[in-house]
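Engineer: Take a look at query.cif, mmCIF, C-alpha atoms:
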```cif
data_start
#
loop_
_atom_site.label_atom_id
_atom_site.label_comp_id
_atom_site.auth_asym_id
_atom_site.auth_seq_id
_atom_site.Cartn_x
_atom_site.Cartn_y
_atom_site.Cartn_z
CA MET A 149 37.84 -199.60 -167.14
CA LYS A 150 34.16 -199.86 -166.31
CA ASN A 151 34.95 -201.43 -162.95
CA THR A 152 37.29 -198.55 -162.15
CA PHE A 153 34.57 -196.06 -163.11
CA LEU A 154 32.03 -197.77 -160.87
CA ARG A 155 34.42 -197.35 -157.93
CA TYR A 156 34.49 -193.55 -158.31
CA GLU A 157 31.95 -193.26 -155.51
CA ASP A 158 34.61 -193.43 -152.79
CA ASP A 159 36.43 -190.43 -154.27
CA LEU A 160 33.28 -188.44 -154.98
CA ILE A 161 31.72 -188.75 -151.53
CA GLU A 162 34.91 -187.42 -149.97
CA ASN A 163 34.02 -184.05 -151.49
CA TRP A 164 30.37 -183.88 -152.45
CA ASN A 165 27.54 -184.50 -149.98
CA THR A 166 25.05 -185.74 -152.56
CA VAL A 167 26.31 -188.37 -154.98
CA ARG A 168 24.19 -190.73 -157.05
CA SER A 169 24.70 -193.17 -159.87
CA ASP A 170 22.58 -194.20 -162.81
CA SER A 171 22.83 -197.03 -165.30
CA PHE A 172 21.01 -197.71 -168.55
CA LYS A 173 21.11 -201.22 -169.99
CA VAL A 174 21.55 -201.27 -173.75
CA ASP A 175 22.29 -204.96 -174.34
CA ASP A 176 23.09 -207.79 -171.91
CA ASP A 177 25.94 -206.45 -169.74
CA ALA A 178 26.48 -203.37 -171.94
CA THR A 179 25.39 -200.34 -169.92
CA ILE A 180 25.73 -196.58 -169.95
CA ASP A 181 26.91 -195.60 -166.47
CA LEU A 182 27.13 -192.21 -164.85
CA TRP A 183 27.93 -190.44 -161.63
CA TRP A 184 26.13 -187.25 -160.60
CA ALA A 185 27.60 -185.20 -157.74
CA ASP A 186 25.64 -182.09 -156.76
CA ALA A 187 27.14 -178.87 -155.44
CA ASN A 188 27.02 -178.84 -151.66
CA GLN A 189 25.29 -175.46 -151.34
CA GLU A 190 24.51 -173.12 -154.24
CA LYS A 191 24.05 -174.86 -157.61
CA THR A 192 25.91 -172.47 -159.88
CA ASN A 193 28.39 -174.38 -162.05
CA LEU A 194 27.99 -177.85 -163.54
CA ILE A 195 30.65 -179.83 -165.40
CA VAL A 196 29.38 -182.60 -167.71
CA ILE A 197 31.81 -185.00 -169.40
CA THR A 198 30.55 -187.64 -171.83
CA SER A 199 32.67 -190.44 -173.31
CA GLY A 200 32.34 -193.34 -175.71
CA VAL A 201 29.73 -191.89 -178.09
CA HIS A 202 31.86 -193.68 -180.66
CA GLY A 203 32.27 -196.93 -178.73
CA VAL A 204 35.93 -197.82 -179.34
CA GLU A 205 36.90 -194.22 -178.53
CA GLY A 206 35.59 -194.83 -175.02
CA TYR A 207 38.86 -196.46 -173.92
CA VAL A 208 40.73 -193.19 -174.22
CA GLY A 209 37.66 -191.40 -172.86
CA SER A 210 37.61 -193.63 -169.79
CA ALA A 211 41.29 -192.88 -169.13
CA MET A 212 40.56 -189.14 -169.32
CA LEU A 213 37.74 -189.49 -166.79
CA ASP A 214 40.26 -191.06 -164.40
CA ILE A 215 42.64 -188.15 -165.01
CA PHE A 216 39.89 -185.57 -164.47
CA LEU A 217 38.92 -187.06 -161.14
CA GLU A 218 42.55 -187.18 -160.01
CA GLN A 219 43.72 -183.82 -161.34
CA PHE A 220 40.71 -181.52 -161.16
CA SER A 221 38.37 -182.65 -158.40
CA PRO A 222 40.65 -181.05 -155.77
CA LYS A 223 40.58 -177.72 -157.68
CA LEU A 224 36.80 -177.40 -157.85
CA ASN A 225 34.73 -175.28 -155.51
CA ILE A 226 32.43 -178.06 -154.42
CA GLU A 227 30.15 -175.61 -152.61
CA ASN A 228 28.86 -174.21 -155.92
CA THR A 229 30.05 -176.73 -158.54
CA GLY A 230 28.53 -180.07 -159.48
CA LEU A 231 29.87 -182.85 -161.68
CA ILE A 232 28.31 -185.40 -164.05
CA ILE A 233 30.56 -187.96 -165.73
CA VAL A 234 29.22 -190.48 -168.25
CA HIS A 235 31.04 -193.70 -169.11
CA SER A 236 30.38 -195.05 -172.61
CA VAL A 237 27.32 -193.61 -174.32
CA ASN A 238 27.80 -196.47 -176.81
CA PRO A 239 28.66 -199.47 -174.61
CA VAL A 240 28.07 -202.15 -177.25
CA GLY A 241 30.43 -200.40 -179.64
CA MET A 242 32.99 -200.09 -176.86
CA LYS A 243 32.71 -203.78 -175.99
CA GLU A 244 33.02 -204.81 -179.64
CA MET A 245 35.80 -202.29 -180.38
CA ARG A 246 33.69 -200.53 -183.01
CA ARG A 247 32.87 -196.89 -183.66
CA TYR A 248 29.26 -197.83 -184.37
CA ASN A 249 26.56 -199.22 -182.09
CA GLU A 250 24.60 -202.47 -182.05
CA ASN A 251 22.62 -201.35 -185.12
CA ASN A 252 25.64 -200.07 -187.08
CA VAL A 253 24.59 -196.50 -186.22
CA ASP A 254 27.10 -193.71 -185.71
CA LEU A 255 25.64 -192.08 -182.60
CA ASN A 256 27.36 -188.77 -183.32
CA ARG A 257 25.13 -188.57 -186.40
CA ASN A 258 22.04 -189.76 -184.52
CA PHE A 259 21.38 -186.76 -182.25
CA ILE A 260 18.93 -185.22 -184.71
CA TYR A 261 16.91 -182.44 -183.12
CA ASP A 262 13.68 -183.06 -185.07
CA TRP A 263 13.44 -186.25 -187.08
CA ASP A 264 10.09 -185.20 -188.62
CA SER A 265 11.64 -182.22 -190.39
CA PHE A 266 15.03 -183.79 -191.08
CA ASP A 267 15.83 -184.72 -194.67
CA LYS A 268 17.34 -188.21 -194.51
CA ASP A 269 18.23 -188.04 -198.19
CA MET A 270 20.60 -185.10 -197.58
CA ASN A 271 23.84 -186.72 -198.69
CA PRO A 272 23.79 -187.39 -202.46
CA ASP A 273 27.60 -187.51 -202.45
CA TYR A 274 27.52 -190.70 -200.39
CA GLU A 275 25.03 -192.30 -202.76
CA ASP A 276 27.27 -191.39 -205.70
CA LEU A 277 30.29 -192.98 -203.99
CA LYS A 278 28.48 -195.94 -202.46
CA GLY A 279 30.32 -198.52 -204.55
CA PHE A 280 33.66 -197.28 -203.24
CA LEU A 281 32.62 -196.56 -199.63
CA GLN A 282 30.74 -199.80 -198.95
CA PRO A 283 31.84 -202.63 -201.25
CA GLU A 284 29.34 -205.46 -200.93
CA LYS A 285 31.59 -208.49 -200.93
CA GLU A 286 33.72 -210.64 -198.64
CA ILE A 287 37.32 -209.56 -198.01
CA GLY A 288 39.97 -212.01 -199.13
CA ASN A 289 43.73 -211.62 -198.99
CA ILE A 290 44.64 -208.36 -197.23
CA THR A 291 47.51 -207.51 -199.58
CA TRP A 292 45.29 -207.71 -202.65
CA ARG A 293 42.53 -205.79 -200.87
CA ASP A 294 44.97 -203.00 -199.96
CA LEU A 295 46.21 -202.76 -203.53
CA GLY A 296 42.67 -202.73 -204.82
CA PHE A 297 41.70 -199.96 -202.42
CA TYR A 298 44.53 -197.68 -203.55
CA GLY A 299 43.57 -198.20 -207.16
CA GLU A 300 39.93 -197.41 -206.34
CA ILE A 301 40.69 -194.27 -204.36
CA VAL A 302 42.98 -192.88 -207.08
CA LYS A 303 40.24 -193.47 -209.64
CA THR A 304 37.62 -191.93 -207.34
CA VAL A 305 39.71 -188.85 -206.57
CA LEU A 306 40.47 -188.30 -210.25
CA THR A 307 36.79 -188.67 -211.13
CA ASP A 308 35.06 -186.93 -208.22
CA GLY A 309 37.77 -185.14 -206.22
CA SER A 310 38.90 -185.59 -202.62
CA THR A 311 36.48 -182.95 -201.32
CA LYS A 312 33.50 -185.01 -202.40
CA ILE A 313 34.80 -188.04 -200.50
CA GLU A 314 35.30 -185.94 -197.37
CA LYS A 315 31.80 -184.44 -197.60
CA ALA A 316 30.26 -187.85 -198.24
CA LEU A 317 31.79 -189.21 -195.05
CA LEU A 318 31.85 -186.43 -192.48
CA SER A 319 28.31 -185.12 -192.83
CA GLY A 320 26.81 -188.56 -192.17
CA GLN A 321 24.32 -190.54 -194.26
CA TYR A 322 20.85 -191.89 -193.45
CA MET A 323 19.95 -194.16 -196.38
CA GLN A 324 22.42 -197.06 -196.17
CA PRO A 325 22.13 -199.12 -192.93
CA LYS A 326 25.13 -201.25 -193.89
CA GLY A 327 27.26 -198.26 -194.79
CA VAL A 328 29.76 -196.14 -192.88
CA TYR A 329 28.76 -193.04 -190.90
CA TYR A 330 25.13 -194.25 -190.89
CA GLY A 331 23.02 -191.94 -188.72
CA GLY A 332 19.98 -194.19 -188.35
CA GLN A 333 16.29 -193.53 -188.92
CA GLU A 334 15.24 -192.53 -185.41
CA ASP A 335 16.72 -192.07 -181.94
CA GLU A 336 18.76 -195.09 -180.88
CA PRO A 337 18.24 -196.30 -177.27
CA SER A 338 21.52 -194.72 -176.14
CA THR A 339 20.52 -191.46 -177.82
CA LYS A 340 17.13 -191.40 -176.08
CA PHE A 341 18.79 -191.90 -172.71
CA THR A 342 21.38 -189.19 -173.30
CA LYS A 343 18.84 -186.72 -174.68
CA GLY A 344 16.81 -187.29 -171.53
CA LEU A 345 19.90 -186.66 -169.40
CA PHE A 346 20.56 -183.36 -171.19
CA GLU A 347 16.98 -182.25 -170.60
CA GLU A 348 17.23 -183.17 -166.92
CA ILE A 349 20.46 -181.17 -166.65
CA LEU A 350 18.96 -178.08 -168.27
CA LEU A 351 15.97 -178.17 -165.91
CA THR A 352 18.18 -178.06 -162.81
CA GLU A 353 19.15 -174.89 -160.94
CA TYR A 354 22.64 -174.81 -162.47
CA ALA A 355 23.09 -171.59 -164.44
CA ASN A 356 26.58 -172.17 -165.88
CA ILE A 357 27.11 -175.50 -167.62
CA LEU A 358 30.29 -176.80 -169.26
CA HIS A 359 29.98 -179.93 -171.40
CA VAL A 360 32.95 -181.78 -172.90
CA ASP A 361 32.43 -184.74 -175.25
CA LEU A 362 35.55 -186.94 -175.61
CA HIS A 363 36.56 -188.35 -179.01
CA THR A 364 39.59 -189.78 -180.80
CA GLY A 365 40.65 -190.01 -184.44
CA TYR A 366 40.56 -186.65 -186.19
CA GLY A 367 43.43 -184.17 -186.27
CA PRO A 368 47.21 -184.08 -185.69
CA ARG A 369 48.55 -187.22 -184.05
CA TYR A 370 50.27 -185.51 -181.14
CA GLN A 371 47.98 -182.55 -180.56
CA MET A 372 44.47 -182.82 -179.21
CA SER A 373 41.98 -180.39 -180.77
CA ILE A 374 39.19 -178.46 -179.10
CA PHE A 375 36.38 -178.56 -181.63
CA SER A 376 33.97 -175.69 -181.05
CA SER A 377 30.25 -175.61 -181.71
CA ALA A 378 28.94 -174.09 -184.93
CA LYS A 379 27.49 -171.36 -182.70
CA GLU A 380 30.96 -170.23 -181.59
CA THR A 381 31.48 -166.52 -182.31
CA MET A 382 35.20 -166.37 -181.48
CA THR A 383 37.73 -166.74 -184.26
CA GLN A 384 40.27 -169.54 -184.06
CA GLU A 385 42.97 -167.17 -182.80
CA GLU A 386 40.64 -165.63 -180.21
CA ALA A 387 39.59 -169.05 -178.91
CA GLN A 388 43.18 -170.27 -178.68
CA ARG A 389 44.05 -167.22 -176.59
CA ALA A 390 40.90 -167.52 -174.48
CA PHE A 391 41.59 -171.15 -173.61
CA ASP A 392 45.38 -170.76 -173.52
CA TYR A 393 45.47 -173.78 -175.83
CA PRO A 394 47.35 -174.18 -179.15
CA LEU A 395 44.68 -175.81 -181.33
CA VAL A 396 41.02 -174.81 -181.32
CA PHE A 397 38.82 -175.27 -184.39
CA THR A 398 36.08 -172.64 -184.73
CA PRO A 399 33.67 -171.96 -187.62
CA ASP A 400 36.22 -169.65 -189.25
CA SER A 401 38.90 -172.40 -189.33
CA ASP A 402 39.71 -174.05 -192.65
CA GLU A 403 39.50 -177.48 -190.99
CA PHE A 404 36.12 -176.85 -189.34
CA TYR A 405 33.23 -179.01 -190.53
CA VAL A 406 29.61 -179.40 -189.46
CA THR A 407 28.03 -182.82 -188.93
CA ASN A 408 24.37 -183.73 -188.71
CA GLY A 409 23.24 -185.27 -185.43
CA ASP A 410 26.27 -184.09 -183.45
CA VAL A 411 26.02 -184.39 -179.64
CA PRO A 412 27.21 -180.89 -178.58
CA GLU A 413 25.13 -179.23 -181.32
CA TYR A 414 22.03 -181.04 -180.05
CA PHE A 415 22.74 -180.01 -176.46
CA ALA A 416 23.12 -176.36 -177.54
CA MET A 417 19.86 -176.41 -179.52
CA LEU A 418 17.98 -177.96 -176.61
CA LYS A 419 19.35 -175.29 -174.29
CA ASP A 420 18.10 -172.54 -176.59
CA GLU A 421 14.60 -174.05 -176.53
CA ILE A 422 14.03 -175.02 -172.90
CA ALA A 423 16.59 -173.00 -170.91
CA PRO A 424 17.57 -169.91 -172.94
CA SER A 425 18.67 -167.95 -169.88
CA LYS A 426 21.34 -170.49 -168.92
CA SER A 427 24.96 -170.42 -170.04
CA LEU A 428 26.08 -173.59 -171.84
CA TYR A 429 29.47 -174.19 -173.41
CA SER A 430 29.34 -177.57 -175.15
CA THR A 431 32.43 -178.71 -177.03
CA THR A 432 34.39 -181.72 -178.30
CA PHE A 433 37.89 -182.74 -177.29
CA GLU A 434 39.31 -184.67 -180.25
CA PHE A 435 42.51 -186.66 -179.71
CA GLY A 436 44.08 -187.03 -183.15
CA THR A 437 45.54 -190.44 -183.96
CA MET A 438 46.20 -190.68 -187.68
CA GLY A 439 47.66 -187.28 -188.47
CA ASP A 440 46.40 -184.50 -190.73
CA GLY A 441 48.18 -185.00 -194.06
CA LEU A 442 46.88 -186.48 -197.32
CA TRP A 443 48.35 -189.92 -196.64
CA ALA A 444 46.78 -189.96 -193.16
CA SER A 445 43.40 -189.08 -194.65
CA ILE A 446 43.65 -191.86 -197.22
CA ASP A 447 44.70 -194.36 -194.55
CA SER A 448 41.79 -193.28 -192.35
CA VAL A 449 39.29 -193.82 -195.14
CA LYS A 450 40.86 -197.21 -195.91
CA ARG A 451 40.57 -198.44 -192.34
CA THR A 452 37.01 -197.15 -192.05
CA VAL A 453 35.81 -198.74 -195.28
CA MET A 454 37.55 -202.08 -194.73
CA GLU A 455 36.41 -202.46 -191.11
CA ASN A 456 32.82 -201.98 -192.19
CA GLN A 457 33.25 -204.37 -195.11
CA LEU A 458 34.63 -206.98 -192.72
CA ILE A 459 31.72 -206.55 -190.31
CA GLN A 460 29.06 -206.66 -193.02
CA TYR A 461 30.47 -209.34 -195.32
CA GLY A 462 33.22 -211.11 -193.36
CA SER A 463 36.40 -212.83 -194.44
CA ASP A 464 37.55 -216.44 -194.49
CA ASN A 465 41.15 -215.31 -193.99
CA ASP A 466 42.18 -215.20 -190.32
CA THR A 467 45.27 -213.10 -191.06
CA THR A 468 43.12 -210.52 -192.82
CA LYS A 469 40.78 -210.33 -189.82
CA LYS A 470 43.62 -209.86 -187.35
CA ILE A 471 45.29 -207.14 -189.42
CA LEU A 472 42.07 -205.21 -189.96
CA ASP A 473 41.10 -205.47 -186.28
CA SER A 474 44.53 -204.23 -185.22
CA ARG A 475 44.49 -201.33 -187.69
CA TYR A 476 41.05 -200.23 -186.57
CA ARG A 477 41.90 -200.39 -182.87
CA GLU A 478 45.05 -198.32 -183.39
CA MET A 479 43.00 -195.75 -185.28
CA PHE A 480 41.03 -194.91 -182.13
CA TYR A 481 43.04 -196.34 -179.23
CA PRO A 482 46.76 -196.04 -179.98
CA SER A 483 49.08 -198.30 -178.00
CA GLU A 484 52.10 -196.00 -178.32
CA ARG A 485 53.23 -194.69 -174.91
CA LYS A 486 54.35 -191.36 -176.38
CA TRP A 487 50.85 -190.80 -177.78
CA ARG A 488 49.13 -191.68 -174.50
CA ASP A 489 51.42 -189.44 -172.45
CA LYS A 490 50.84 -186.50 -174.80
CA ALA A 491 47.08 -187.11 -174.77
CA LYS A 492 47.10 -186.83 -170.99
CA GLU A 493 49.09 -183.58 -171.09
CA ASP A 494 46.78 -182.09 -173.71
CA PHE A 495 43.65 -183.07 -171.81
CA ILE A 496 44.88 -181.43 -168.62
CA GLN A 497 45.86 -178.22 -170.43
CA ALA A 498 42.62 -178.02 -172.43
CA MET A 499 40.38 -178.84 -169.48
CA GLU A 500 42.05 -176.20 -167.36
CA GLY A 501 41.70 -173.68 -170.18
CA VAL A 502 37.98 -174.16 -170.80
CA MET A 503 37.17 -174.28 -167.06
CA LYS A 504 39.01 -171.00 -166.47
CA PHE A 505 37.30 -169.41 -169.49
CA ASN A 506 33.92 -170.51 -168.14
CA LYS A 507 34.80 -169.16 -164.66
CA ILE A 508 34.60 -172.57 -162.96
CA ILE A 509 38.14 -172.45 -161.60
CA ASP A 510 40.50 -169.49 -161.06
#
```
Please render this file's structure as structure tokens.
Structural biologist:
Amino acid sequence: MKNTFLRYEDDLIENWNTVRSDSFKVDDDATIDLWWADANQEKTNLIVITSGVHGVEGYVGSAMLDIFLEQFSPKLNIENTGLIIVHSVNPVGMKEMRRYNENNVDLNRNFIYDWDSFDKDMNPDYEDLKGFLQPEKEIGNITWRDLGFYGEIVKTVLTDGSTKIEKALLSGQYMQPKGVYYGGQEDEPSTKFTKGLFEEILLTEYANILHVDLHTGYGPRYQMSIFSSAKETMTQEEAQRAFDYPLVFTPDSDEFYVTNGDVPEYFAMLKDEIAPSKSLYSTTFEFGTMGDGLWASIDSVKRTVMENQLIQYGSDNDTTKKILDSRYREMFYPSERKWRDKAKEDFIQAMEGVMKFNKIID
């Protein structure tokens, strides 16, 4: 996938006069790579697509970059529209098929705007549930571990409620480096690079910027979600009409949640500080994989907790390792053809909707 991305130059230079690449080395051969194609004349519109913030999700993200180049490049007015596409913000995680980076950090919890004023001890729910969310022991037989997990989650739900588990996970935590959804203690190298890219973008001449961050995992299995910024003023129904798209989560949606250190939220805050006169629409495309029912939520927590337990404490059972690896991969990169075909359809429809709304295409 990376090799395909690096060959984009031939397609880009057919349209744009000024095309450049950049690469940031994170670890050995693990690099963040990007292409930047500038509008040929007036720099009015800029499309920015980032992928692989959660490493393993970068495989679907990479496929969507291919689709964008094929489907939408011919529709753009290259005289006033530029394009920046970023392959794998978390390349180590992508290489190792993990959501987290080389330091077990969830990068979508690491884009903190001001670390000096940020309260790292902001998630007491996680600390309360630490024993359940990050068991500190080796995993043995997978069947017994599964049975044990279900017993633990029933006990936890009865004691603390399912809402507490959800809050403990989704908001991120900053006190347990070996835990899940760990946001780190400072900017990770990938975060520093991407923050610098966002600043560079905002200091260009482009007045109208559209940013899409590609993710997988959350939401209905066969319906990608557009996840709006917390600054969105449209209601869910208004946004769905505006984008001509069936599922958009906005702050008034029941399913909407706010995370600390989120990439689009950081981009929006930076825009307000250094380029308040510019227009920026920064959003997340989330390709659901597990479904949105209670059982899907439980299964998602199980796979998340067990994958981290395996990484931190290991297992001497090869069958257990293979099963957990397969479960985790399917959670973010489904092999089912039906899912992949629907993901492509949804991406095309959503991308067309947000570009029309932002007056980038007719």
Engineer: List the spatial neighbours of Phe415 (chain A) as a PDB file with C-alpha atoms, in the coordinates of the input - criterion: any atom at most 12 Å away, all atoms listed in the file, same-chain residues fewer than 5 positions off excluded.
Structural biologist:
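Below is the file part20.pdb, written as the result:
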```pdb
ATOM      1  CA  VAL A 196      29.380-182.600-167.710  1.00  0.00           C
ATOM      2  CA  THR A 198      30.550-187.640-171.830  1.00  0.00           C
ATOM      3  CA  PHE A 259      21.380-186.760-182.250  1.00  0.00           C
ATOM      4  CA  ILE A 260      18.930-185.220-184.710  1.00  0.00           C
ATOM      5  CA  TYR A 261      16.910-182.440-183.120  1.00  0.00           C
ATOM      6  CA  THR A 339      20.520-191.460-177.820  1.00  0.00           C
ATOM      7  CA  THR A 342      21.380-189.190-173.300  1.00  0.00           C
ATOM      8  CA  LYS A 343      18.840-186.720-174.680  1.00  0.00           C
ATOM      9  CA  GLY A 344      16.810-187.290-171.530  1.00  0.00           C
ATOM     10  CA  LEU A 345      19.900-186.660-169.400  1.00  0.00           C
ATOM     11  CA  PHE A 346      20.560-183.360-171.190  1.00  0.00           C
ATOM     12  CA  GLU A 347      16.980-182.250-170.600  1.00  0.00           C
ATOM     13  CA  GLU A 348      17.230-183.170-166.920  1.00  0.00           C
ATOM     14  CA  ILE A 349      20.460-181.170-166.650  1.00  0.00           C
ATOM     15  CA  LEU A 350      18.960-178.080-168.270  1.00  0.00           C
ATOM     16  CA  ILE A 357      27.110-175.500-167.620  1.00  0.00           C
ATOM     17  CA  LEU A 358      30.290-176.800-169.260  1.00  0.00           C
ATOM     18  CA  HIS A 359      29.980-179.930-171.400  1.00  0.00           C
ATOM     19  CA  VAL A 360      32.950-181.780-172.900  1.00  0.00           C
ATOM     20  CA  ASP A 361      32.430-184.740-175.250  1.00  0.00           C
ATOM     21  CA  SER A 377      30.250-175.610-181.710  1.00  0.00           C
ATOM     22  CA  LYS A 379      27.490-171.360-182.700  1.00  0.00           C
ATOM     23  CA  GLY A 409      23.240-185.270-185.430  1.00  0.00           C
ATOM     24  CA  ASP A 410      26.270-184.090-183.450  1.00  0.00           C
ATOM     25  CA  ASP A 420      18.100-172.540-176.590  1.00  0.00           C
ATOM     26  CA  GLU A 421      14.600-174.050-176.530  1.00  0.00           C
ATOM     27  CA  ILE A 422      14.030-175.020-172.900  1.00  0.00           C
ATOM     28  CA  ALA A 423      16.590-173.000-170.910  1.00  0.00           C
ATOM     29  CA  PRO A 424      17.570-169.910-172.940  1.00  0.00           C
ATOM     30  CA  SER A 427      24.960-170.420-170.040  1.00  0.00           C
ATOM     31  CA  LEU A 428      26.080-173.590-171.840  1.00  0.00           C
ATOM     32  CA  TYR A 429      29.470-174.190-173.410  1.00  0.00           C
ATOM     33  CA  SER A 430      29.340-177.570-175.150  1.00  0.00           C
ATOM     34  CA  THR A 431      32.430-178.710-177.030  1.00  0.00           C
ATOM     35  CA  THR A 432      34.390-181.720-178.300  1.00  0.00           C
TER      36      THR A 432
END
```
Engineer: Run the PyMOL selection byres ((chain A and resi 315-321) around 9) on the file and write out the hits as a PyMOL selection string.
Structural biologist: chain A and resi 254+256-257+268-277+281+310-314+322-325+327-332+405-409+449
Engineer: Give me the result of the PyMOL selection byres ((chain A and resi 167-176) around 8) on this file, residue by residue, as a ChimeraX atom specification.
Structural biologist: /A:157,160-161,164-166,177-186,239-240,337-338,341
Engineer: Take the point (45.5, -170.2, -169.9) in the file's coordinates, draw a sphere of radius 10 Å around it, and report as a PyMOL selection string every protein, DNA or RNA residue with an atom inside or on it, counting only C-alpha atoms.
Structural biologist: chain A and resi 388-393+497-498+500-505
Engineer: Distance CA of Ser373 (chain A)-CA of Val396 (chain A), one decimal place?
Structural biologist: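 Atom-to-atom, CA of Ser373 (chain A) to CA of Val396 (chain A), that is 5.7 Å.
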Engineer: Do you have the CA of Met438 (chain A)-CA of Lys303 (chain A) distance handy?
Structural biologist: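 CA of Lys303 (chain A) lies at a distance of 22.9 Å from CA of Met438 (chain A).
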Engineer: Counting all atoms listed in the file, which of A:Ser445, A:Gln460, A:Thr437, A:Thr467 gets nearest to Gly288 (chain A)?
Structural biologist: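 Once distances to Gly288 (chain A) are computed over all atoms listed in the file, the minimum belongs to A:Thr467.
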Engineer: Using only C-alpha atoms, which of the listed residues (A:Lys278, A:Lys340, A:His363, A:Arg369) sits closest to Glu434 (chain A)?
Structural biologist: A:His363
Engineer: Which one is closest to Ile226 (chain A): A:Asn251, A:Thr468, A:Ser210, A:Gln189? Count all atoms listed in the file.
Structural biologist: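 Between A:Asn251, A:Thr468, A:Ser210, A:Gln189, the residue approaching Ile226 (chain A) most closely is A:Gln189.
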Engineer: For CA of Ile471 (chain A) and CA of Ile290 (chain A), quote the distance in Å rounded to one decimal.
Structural biologist: 7.9 Å
